[in-house]
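Asks: For reference, this is data-v4.tsv, and it has TSV, C-alpha atoms.
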```tsv
chain	number	residue	atom	x	y	z
A	208	MET	CA	-50.55	20.08	-9.06
A	209	THR	CA	-47.72	22.59	-9.53
A	210	LYS	CA	-44.66	21.90	-11.67
A	211	ILE	CA	-41.37	23.74	-11.10
A	212	LEU	CA	-39.63	23.82	-14.49
A	213	LEU	CA	-35.83	23.81	-14.25
A	214	TYR	CA	-33.37	23.16	-17.04
A	215	LYS	CA	-29.86	21.82	-16.51
A	216	GLY	CA	-27.76	24.52	-14.87
A	217	ASP	CA	-30.73	26.47	-13.50
A	218	LYS	CA	-30.24	25.17	-9.98
A	219	ASN	CA	-27.58	26.37	-7.53
A	220	ASP	CA	-27.42	27.02	-3.79
A	221	ALA	CA	-29.18	30.39	-4.03
A	222	THR	CA	-31.97	29.25	-6.37
A	223	THR	CA	-32.52	26.06	-4.37
A	224	TYR	CA	-33.14	28.03	-1.17
A	225	TYR	CA	-35.50	30.48	-2.89
A	226	LEU	CA	-37.44	27.74	-4.68
A	227	GLU	CA	-37.85	25.77	-1.46
A	228	ILE	CA	-39.63	28.78	0.05
A	229	ILE	CA	-41.95	28.96	-2.98
A	230	GLU	CA	-42.49	25.20	-2.81
A	231	ASN	CA	-43.40	25.34	0.89
A	232	ALA	CA	-45.78	28.24	0.27
A	233	LEU	CA	-47.55	26.25	-2.43
A	234	LYS	CA	-47.79	23.20	-0.20
A	235	GLN	CA	-49.31	25.38	2.51
A	236	ILE	CA	-52.26	26.14	0.24
A	237	GLY	CA	-52.71	22.46	-0.58
A	238	GLU	CA	-50.68	22.16	-3.78
A	239	SER	CA	-48.53	19.12	-4.52
A	240	VAL	CA	-45.23	20.17	-6.10
A	241	VAL	CA	-43.06	18.31	-8.62
A	242	TYR	CA	-39.80	19.40	-10.27
A	243	VAL	CA	-39.57	18.77	-14.03
A	244	ASN	CA	-36.93	19.53	-16.67
A	245	SER	CA	-39.09	19.75	-19.78
A	246	ALA	CA	-42.26	21.59	-20.72
A	247	LYS	CA	-43.44	18.32	-22.24
A	248	GLU	CA	-43.99	17.06	-18.68
A	249	ILE	CA	-46.54	19.82	-18.03
A	250	LYS	CA	-50.21	19.08	-18.63
A	251	LYS	CA	-52.99	21.47	-19.58
A	252	ASP	CA	-54.21	23.81	-16.81
A	253	GLU	CA	-51.39	22.95	-14.40
A	254	THR	CA	-49.63	25.67	-12.42
A	255	VAL	CA	-45.97	26.17	-13.38
A	256	VAL	CA	-43.09	27.97	-11.66
A	257	CYS	CA	-40.53	29.43	-14.10
A	258	ILE	CA	-37.28	31.23	-13.30
A	259	ILE	CA	-35.83	32.07	-16.75
A	260	PRO	CA	-37.40	33.48	-19.95
A	261	LYS	CA	-36.71	30.24	-21.85
A	262	SER	CA	-38.82	28.18	-19.46
A	263	PHE	CA	-41.65	30.75	-19.54
A	264	TRP	CA	-41.72	30.74	-23.33
A	265	SER	CA	-41.63	26.93	-23.55
A	266	VAL	CA	-44.77	26.78	-21.40
A	267	PHE	CA	-46.59	29.83	-22.81
A	268	SER	CA	-45.99	28.89	-26.47
A	269	ARG	CA	-47.56	25.44	-25.99
A	270	ARG	CA	-50.92	27.09	-25.10
A	271	LEU	CA	-51.43	24.94	-22.04
A	272	ASN	CA	-53.57	27.54	-20.30
A	273	SER	CA	-51.14	27.26	-17.38
A	274	ARG	CA	-51.09	29.58	-14.42
A	275	ILE	CA	-47.48	30.74	-14.41
A	276	ILE	CA	-45.59	31.93	-11.33
A	277	TYR	CA	-42.46	33.73	-12.52
A	278	TRP	CA	-39.42	34.64	-10.40
A	279	PHE	CA	-37.52	37.64	-11.77
A	280	GLN	CA	-33.96	37.06	-10.54
A	281	GLY	CA	-32.48	40.07	-12.32
A	282	VAL	CA	-32.95	42.56	-15.15
A	283	VAL	CA	-31.64	40.47	-18.04
A	284	PRO	CA	-31.78	43.09	-20.85
A	285	GLU	CA	-29.64	45.48	-18.82
A	286	GLU	CA	-27.25	42.70	-17.79
A	287	ILE	CA	-26.44	42.08	-21.47
A	288	ALA	CA	-24.44	45.32	-21.54
A	289	PHE	CA	-21.84	43.56	-19.36
A	290	TYR	CA	-21.54	40.47	-21.58
A	291	ASN	CA	-18.61	40.00	-23.92
A	292	TYR	CA	-20.77	40.38	-27.03
A	293	SER	CA	-20.42	42.50	-30.15
A	294	SER	CA	-22.43	45.74	-30.17
A	295	PHE	CA	-24.83	44.29	-32.73
A	296	LYS	CA	-25.43	41.14	-30.69
A	297	LYS	CA	-26.00	43.24	-27.56
A	298	ILE	CA	-28.66	45.31	-29.33
A	299	ILE	CA	-30.45	42.22	-30.67
A	300	ASN	CA	-30.35	40.38	-27.35
A	301	ARG	CA	-31.43	43.40	-25.35
A	302	THR	CA	-34.40	43.91	-27.68
A	303	VAL	CA	-35.43	40.24	-27.53
A	304	TYR	CA	-35.16	40.01	-23.75
A	305	SER	CA	-37.02	43.29	-23.25
A	306	MET	CA	-39.86	41.90	-25.37
A	307	MET	CA	-39.81	38.73	-23.27
A	308	GLU	CA	-39.89	40.69	-20.00
A	309	ARG	CA	-42.86	42.70	-21.23
A	310	LEU	CA	-44.67	39.50	-22.27
A	311	ILE	CA	-43.98	37.79	-18.93
A	312	LEU	CA	-45.21	40.79	-16.95
A	313	ARG	CA	-48.41	40.85	-19.05
A	314	LYS	CA	-49.17	37.13	-19.11
A	315	SER	CA	-47.86	35.60	-15.88
A	316	THR	CA	-50.39	34.91	-13.14
A	317	PHE	CA	-48.08	35.86	-10.30
A	318	ASN	CA	-44.62	37.43	-10.13
A	319	LEU	CA	-41.83	37.31	-7.58
A	320	PHE	CA	-39.40	40.23	-7.53
A	321	VAL	CA	-36.23	40.47	-5.44
A	322	SER	CA	-36.59	44.14	-4.45
A	323	ASN	CA	-38.96	47.09	-4.47
A	324	THR	CA	-36.40	48.83	-6.68
A	325	MET	CA	-36.95	46.08	-9.26
A	326	VAL	CA	-40.71	46.71	-9.14
A	327	GLN	CA	-40.10	50.42	-9.68
A	328	HIS	CA	-37.82	49.63	-12.62
A	329	TYR	CA	-40.56	47.61	-14.34
A	330	GLN	CA	-43.17	50.23	-13.54
A	331	SER	CA	-40.97	52.85	-15.20
A	332	LYS	CA	-39.78	50.78	-18.17
A	333	TYR	CA	-42.97	48.90	-19.07
A	334	LYS	CA	-45.67	50.86	-17.20
A	335	TYR	CA	-46.30	47.71	-15.17
A	336	ASN	CA	-49.21	48.58	-12.87
A	337	LYS	CA	-50.51	45.22	-11.69
A	338	THR	CA	-50.63	44.04	-8.08
A	339	ASN	CA	-50.00	40.36	-8.85
A	340	TYR	CA	-46.56	40.27	-7.25
A	341	PHE	CA	-44.60	39.76	-4.07
A	342	VAL	CA	-41.12	40.99	-3.12
A	343	MET	CA	-38.61	38.62	-1.50
A	344	PRO	CA	-34.82	39.12	-1.49
A	345	CYS	CA	-32.31	36.49	-2.50
A	346	PHE	CA	-30.82	34.82	0.57
A	347	ASN	CA	-29.63	31.38	1.61
A	348	GLN	CA	-28.51	31.56	5.24
A	349	GLN	CA	-29.96	31.99	8.70
A	350	ILE	CA	-28.04	33.77	11.45
A	351	LEU	CA	-25.28	31.70	13.11
A	352	LYS	CA	-25.14	32.56	16.81
A	353	ASP	CA	-21.70	31.02	17.35
A	354	ALA	CA	-20.20	33.35	14.72
A	355	PHE	CA	-20.58	36.35	17.02
A	356	ASN	CA	-17.69	35.78	19.40
A	357	SER	CA	-16.17	38.96	20.80
A	358	LYS	CA	-12.58	37.89	20.15
A	359	LYS	CA	-12.83	38.15	16.37
A	360	TYR	CA	-13.84	41.81	16.64
A	361	GLU	CA	-10.52	42.62	18.34
A	362	THR	CA	-8.49	42.49	15.10
A	363	PRO	CA	-9.15	44.20	11.72
A	364	THR	CA	-9.50	41.12	9.51
A	365	PHE	CA	-11.08	41.73	6.10
A	366	VAL	CA	-12.48	39.15	3.70
A	367	TYR	CA	-13.61	39.03	0.08
A	368	THR	CA	-15.56	36.10	-1.38
A	369	GLY	CA	-16.55	35.49	-4.98
A	370	ASN	CA	-15.26	35.43	-8.51
A	371	LEU	CA	-13.37	38.21	-10.28
A	372	ALA	CA	-16.06	39.22	-12.78
A	373	LYS	CA	-15.98	42.95	-13.55
A	374	TRP	CA	-19.27	43.61	-11.79
A	375	GLN	CA	-17.83	42.19	-8.52
A	376	CYS	CA	-15.41	45.18	-8.44
A	377	PHE	CA	-12.43	43.12	-7.26
A	378	GLU	CA	-9.83	45.65	-8.43
A	379	GLU	CA	-11.75	48.46	-6.76
A	380	MET	CA	-11.82	46.39	-3.58
A	381	VAL	CA	-8.05	45.87	-3.74
A	382	THR	CA	-7.34	49.60	-4.09
A	383	LEU	CA	-9.81	50.37	-1.31
A	384	PHE	CA	-8.09	47.88	0.99
A	385	ARG	CA	-4.74	49.46	0.15
A	386	ASP	CA	-6.08	52.79	1.41
A	387	ILE	CA	-7.49	51.15	4.53
A	388	LYS	CA	-4.17	49.41	5.18
A	389	ASN	CA	-2.42	52.79	5.13
A	390	SER	CA	-4.72	53.98	7.94
A	391	ILE	CA	-4.98	50.64	9.78
A	392	PRO	CA	-1.55	48.94	9.46
A	393	ALA	CA	-2.75	45.83	11.33
A	394	ALA	CA	-5.47	45.17	8.72
A	395	THR	CA	-5.26	41.83	6.88
A	396	LEU	CA	-7.10	40.66	3.75
A	397	THR	CA	-8.19	37.12	2.85
A	398	VAL	CA	-9.65	36.36	-0.59
A	399	TYR	CA	-11.81	33.28	-1.22
A	400	THR	CA	-11.95	32.62	-4.95
A	401	LYS	CA	-11.41	29.91	-7.55
A	402	ASP	CA	-9.56	32.46	-9.71
A	403	SER	CA	-6.39	32.36	-7.62
A	404	GLN	CA	-3.87	33.16	-10.36
A	405	GLU	CA	-5.79	36.17	-11.62
A	406	ALA	CA	-6.31	37.35	-8.04
A	407	LYS	CA	-2.57	37.11	-7.36
A	408	ALA	CA	-1.80	39.13	-10.48
A	409	ILE	CA	-4.21	41.92	-9.53
A	410	LEU	CA	-3.00	42.04	-5.92
A	411	SER	CA	0.60	42.19	-7.12
A	412	ARG	CA	-0.23	45.00	-9.58
A	413	TYR	CA	-1.47	47.17	-6.71
A	414	GLY	CA	1.16	46.10	-4.20
A	415	VAL	CA	-1.35	44.51	-1.82
A	416	SER	CA	-0.64	41.40	0.21
A	417	ALA	CA	-3.47	38.95	0.86
A	418	GLN	CA	-4.03	35.31	1.64
A	419	ILE	CA	-5.85	33.53	-1.19
A	420	LYS	CA	-7.99	30.50	-0.42
A	421	TYR	CA	-10.65	28.35	-1.99
A	422	VAL	CA	-13.03	26.08	-0.10
A	423	PRO	CA	-16.22	24.30	-1.25
A	424	TYR	CA	-19.32	26.41	-0.89
A	425	ASN	CA	-20.83	24.14	1.76
A	426	ILE	CA	-18.05	24.93	4.24
A	427	LEU	CA	-17.52	28.58	3.34
A	428	ASN	CA	-19.76	29.84	6.14
A	429	GLU	CA	-17.65	27.99	8.70
A	430	GLU	CA	-14.62	29.83	7.32
A	431	LEU	CA	-16.33	33.20	7.31
A	432	LYS	CA	-17.05	33.07	11.03
A	433	GLN	CA	-13.48	34.15	11.80
A	434	TYR	CA	-13.56	37.54	10.01
A	435	LYS	CA	-14.56	40.97	11.23
A	436	TYR	CA	-15.22	42.87	7.97
A	437	GLY	CA	-16.36	41.83	4.48
A	438	PHE	CA	-16.39	43.68	1.15
A	439	ILE	CA	-19.42	43.99	-1.14
A	440	LEU	CA	-18.67	46.64	-3.75
A	441	ARG	CA	-20.90	47.39	-6.73
A	442	LYS	CA	-21.09	50.20	-9.29
A	443	ASP	CA	-24.10	52.46	-9.62
A	444	ASN	CA	-26.18	51.00	-12.46
A	445	VAL	CA	-29.66	49.52	-12.81
A	446	VAL	CA	-28.40	45.92	-12.61
A	447	ASN	CA	-26.97	46.56	-9.15
A	448	ASN	CA	-29.71	48.98	-8.07
A	449	VAL	CA	-32.38	46.28	-8.30
A	450	ALA	CA	-30.28	43.33	-7.06
A	451	THR	CA	-30.08	41.65	-3.65
A	452	PRO	CA	-26.69	39.86	-3.63
A	453	THR	CA	-26.69	36.77	-1.39
A	454	LYS	CA	-23.21	37.77	-0.25
A	455	MET	CA	-24.72	40.32	2.12
A	456	ASN	CA	-26.89	37.64	3.70
A	457	SER	CA	-23.86	35.34	4.08
A	458	TYR	CA	-21.77	38.07	5.72
A	459	LEU	CA	-24.46	39.11	8.18
A	460	ALA	CA	-25.26	35.49	9.06
A	461	SER	CA	-21.58	34.94	9.84
A	462	GLY	CA	-21.29	38.02	12.05
A	463	ILE	CA	-19.26	39.97	9.49
A	464	ILE	CA	-19.53	43.75	9.44
A	465	PRO	CA	-20.22	44.55	5.76
A	466	LEU	CA	-18.39	47.32	3.97
A	467	TYR	CA	-20.56	47.99	0.94
A	468	THR	CA	-21.32	50.58	-1.70
A	469	ASP	CA	-24.71	52.21	-1.15
A	470	VAL	CA	-26.11	51.60	-4.65
A	471	VAL	CA	-28.35	48.59	-3.87
A	472	GLY	CA	-31.85	49.96	-3.27
A	473	ALA	CA	-32.92	47.09	-1.00
A	474	TYR	CA	-29.96	47.68	1.30
A	475	LYS	CA	-30.76	51.37	1.68
A	476	GLU	CA	-34.31	50.34	2.50
A	477	ASN	CA	-33.61	47.49	4.92
A	478	LEU	CA	-30.08	47.85	6.31
A	479	SER	CA	-29.56	51.58	6.74
A	480	ASN	CA	-30.25	51.47	10.48
A	481	LEU	CA	-27.52	48.93	11.27
A	482	LYS	CA	-24.85	50.24	13.60
A	483	TYR	CA	-22.37	47.58	12.54
A	484	ALA	CA	-22.46	48.11	8.78
A	485	ILE	CA	-20.40	50.53	6.72
A	486	PRO	CA	-22.10	51.97	3.62
A	487	ILE	CA	-19.71	53.87	1.38
A	488	THR	CA	-20.08	55.68	-1.93
A	489	VAL	CA	-18.47	54.52	-5.16
A	490	GLU	CA	-15.87	57.25	-4.50
A	491	ASN	CA	-15.05	55.49	-1.19
A	492	LYS	CA	-16.55	58.22	0.95
A	493	GLY	CA	-17.78	56.86	4.26
A	494	LEU	CA	-14.65	55.17	5.59
A	495	GLU	CA	-14.84	57.46	8.62
A	496	LYS	CA	-17.31	55.01	10.16
A	497	LEU	CA	-14.82	52.16	9.69
A	498	TYR	CA	-12.08	54.14	11.40
A	499	GLN	CA	-14.43	55.05	14.24
A	500	LEU	CA	-15.43	51.40	14.77
A	501	GLU	CA	-11.75	50.48	14.97
A	502	LYS	CA	-11.43	52.75	18.00
A	503	GLU	CA	-14.26	50.97	19.82
A	504	ILE	CA	-14.38	47.76	21.82
A	505	ILE	CA	-17.01	45.71	20.01
A	506	SER	CA	-19.00	43.03	21.78
A	507	GLY	CA	-20.08	40.02	19.75
A	508	ASN	CA	-23.43	40.10	21.51
A	509	ASP	CA	-23.93	43.75	20.48
A	510	VAL	CA	-23.35	42.84	16.82
A	511	PHE	CA	-25.70	39.87	17.17
A	512	MET	CA	-28.41	42.11	18.64
A	513	ASP	CA	-27.85	44.60	15.81
A	514	PHE	CA	-28.13	41.96	13.06
A	515	SER	CA	-30.90	39.80	14.55
A	516	PRO	CA	-33.85	42.04	13.56
A	517	VAL	CA	-32.74	41.75	9.92
A	518	PHE	CA	-33.20	37.97	10.16
A	519	ASP	CA	-36.44	38.36	12.09
A	520	CYS	CA	-37.93	40.37	9.21
A	521	TYR	CA	-35.93	40.75	6.00
A	522	TYR	CA	-34.37	37.25	5.94
A	523	ASN	CA	-37.19	35.34	7.65
A	524	ILE	CA	-38.14	32.06	5.93
A	525	GLU	CA	-41.34	31.50	7.91
A	526	PHE	CA	-42.60	35.01	7.14
A	527	TYR	CA	-42.07	34.57	3.39
A	528	VAL	CA	-43.67	31.14	3.25
A	529	GLU	CA	-46.77	32.45	5.00
A	530	ALA	CA	-46.92	35.71	3.04
A	531	ILE	CA	-46.41	34.10	-0.39
A	532	ALA	CA	-49.01	31.44	0.42
A	533	ASN	CA	-51.54	34.14	1.29
A	534	GLU	CA	-50.72	36.20	-1.82
A	535	ILE	CA	-50.87	33.25	-4.22
A	536	LYS	CA	-54.16	32.10	-2.71
A	537	GLU	CA	-55.67	35.49	-3.59
A	538	PHE	CA	-54.78	35.10	-7.27
A	539	PHE	CA	-55.51	31.38	-7.59
```
I need this file expressed as structure tokens, please.
Replies:
Amino acid sequence: MTKILLYKGDKNDATTYYLEIIENALKQIGESVVYVNSAKEIKKDETVVCIIPKSFWSVFSRRLNSRIIYWFQGVVPEEIAFYNYSSFKKIINRTVYSMMERLILRKSTFNLFVSNTMVQHYQSKYKYNKTNYFVMPCFNQQILKDAFNSKKYETPTFVYTGNLAKWQCFEEMVTLFRDIKNSIPAATLTVYTKDSQEAKAILSRYGVSAQIKYVPYNILNEELKQYKYGFILRKDNVVNNVATPTKMNSYLASGIIPLYTDVVGAYKENLSNLKYAIPITVENKGLEKLYQLEKEIISGNDVFMDFSPVFDCYYNIEFYVEAIANEIKEFF
């Protein structure tokens, strides 16, 4: 019996998809899987899947002799630097969460990391040298064949999806689009966000026109099918270096040519060979490829053939279920 311990608020579209892969891998090796919302529902010697430090500690501290599978979604101590905390609170929280990370890496039976860059971070920070881990990126979509129609690649339509948190680099995206608009006058921008008033204020500040929309997450992919380019901008720091934003998966699945900063290690490793992707630096160097693509006639089928291998390997559910099942079996 394996219990997946989730507290209220732990579950969203991205975590649900990831956990379903883990669940199916466990079932493949003969485990029955049950979701619980309290460590009190876990019995001695049961296997437990945890996804936040709080759930790990609630299991570990009860001395249940549980085999714990832990999914590291991000580098929490480093993320604290971006929280709206006092300097003192940041220091305390970073220290506590670093201690928790070290404990989890030492005591968990099996770990899931989202990138090889994350593994390297833990090897450097904590001298983590175990082999009890597997790397699987965050993703929640499979490729949508009908999104690759040639007509949409005829016009320079750009899209941004997400909130306006600082780390999403919305202002940087707006100024970048302004530069693109100067070179490609026909370019249009559509922004999908709940934060419509703040988005309008920022766009107005930089003199950029854009259509602002909000749709429920479950129909967003249908909307995205109509766009040619999508923005994913991040700054160069450890939080972004180790991450695998699901936005990239959503864009590629919807046939969108991503325009992204080249600071995410997993993207350098897995997407650098794509013809229809535009990596740029944080200084916006690399737009030459965008301007070159705008001179070409792009076939939807060519983009589909370019993106498909990514879903055959990097975003392949069946591969991860099989691979995780085999890895877990070795340790259990």
Asks: So the first atom is CA of Tyr527 in chain A and the second is CA of Gln348 in chain A; what is the distance between them in Å, to one decimal place?
Replies: 14.0 Å
Asks: Which residue is closest to Phe511 in chain A? Choose from A:Ser239, A:Asn448, A:Ser357, A:Thr468 and count only C-alpha atoms.
Replies: A:Ser357
Asks: Work out how far apart CA of Phe317 in chain A and CA of Ser479 in chain A are and give it in Å to one decimal.
Replies: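 Straight-line distance from CA of Phe317 in chain A to CA of Ser479 in chain A works out to 29.7 Å.
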Asks: Just want the 6 Å neighbourhood of Ile419 in chain A, counted on all atoms listed in the file, with same-chain residues fewer than 6 positions away dropped. Output as a ChimeraX atom specification.
Replies: /A:397-399
Asks: Neighbours of Glu495 in chain A within 12 Å (all atoms listed in the file; same-chain residues fewer than 5 positions away dropped), as a PyMOL selection string?
Replies: chain A and resi 387+390+466+485-488+500-502
Asks: Just give me the residues with any atom within 10 Å of (-17.2, 32.4, 10.5), file coordinates, counting all atoms listed in the file, written as an MDAnalysis selection string.
Replies: chainID A and resid 351 353:356 359 426:435 457:458 460:463
Asks: I need the residue nearest Gly281 in chain A from this list: A:Lys210, A:Lys296, A:His328, A:Lys420. Use only C-alpha atoms for the distance.
Replies: A:His328
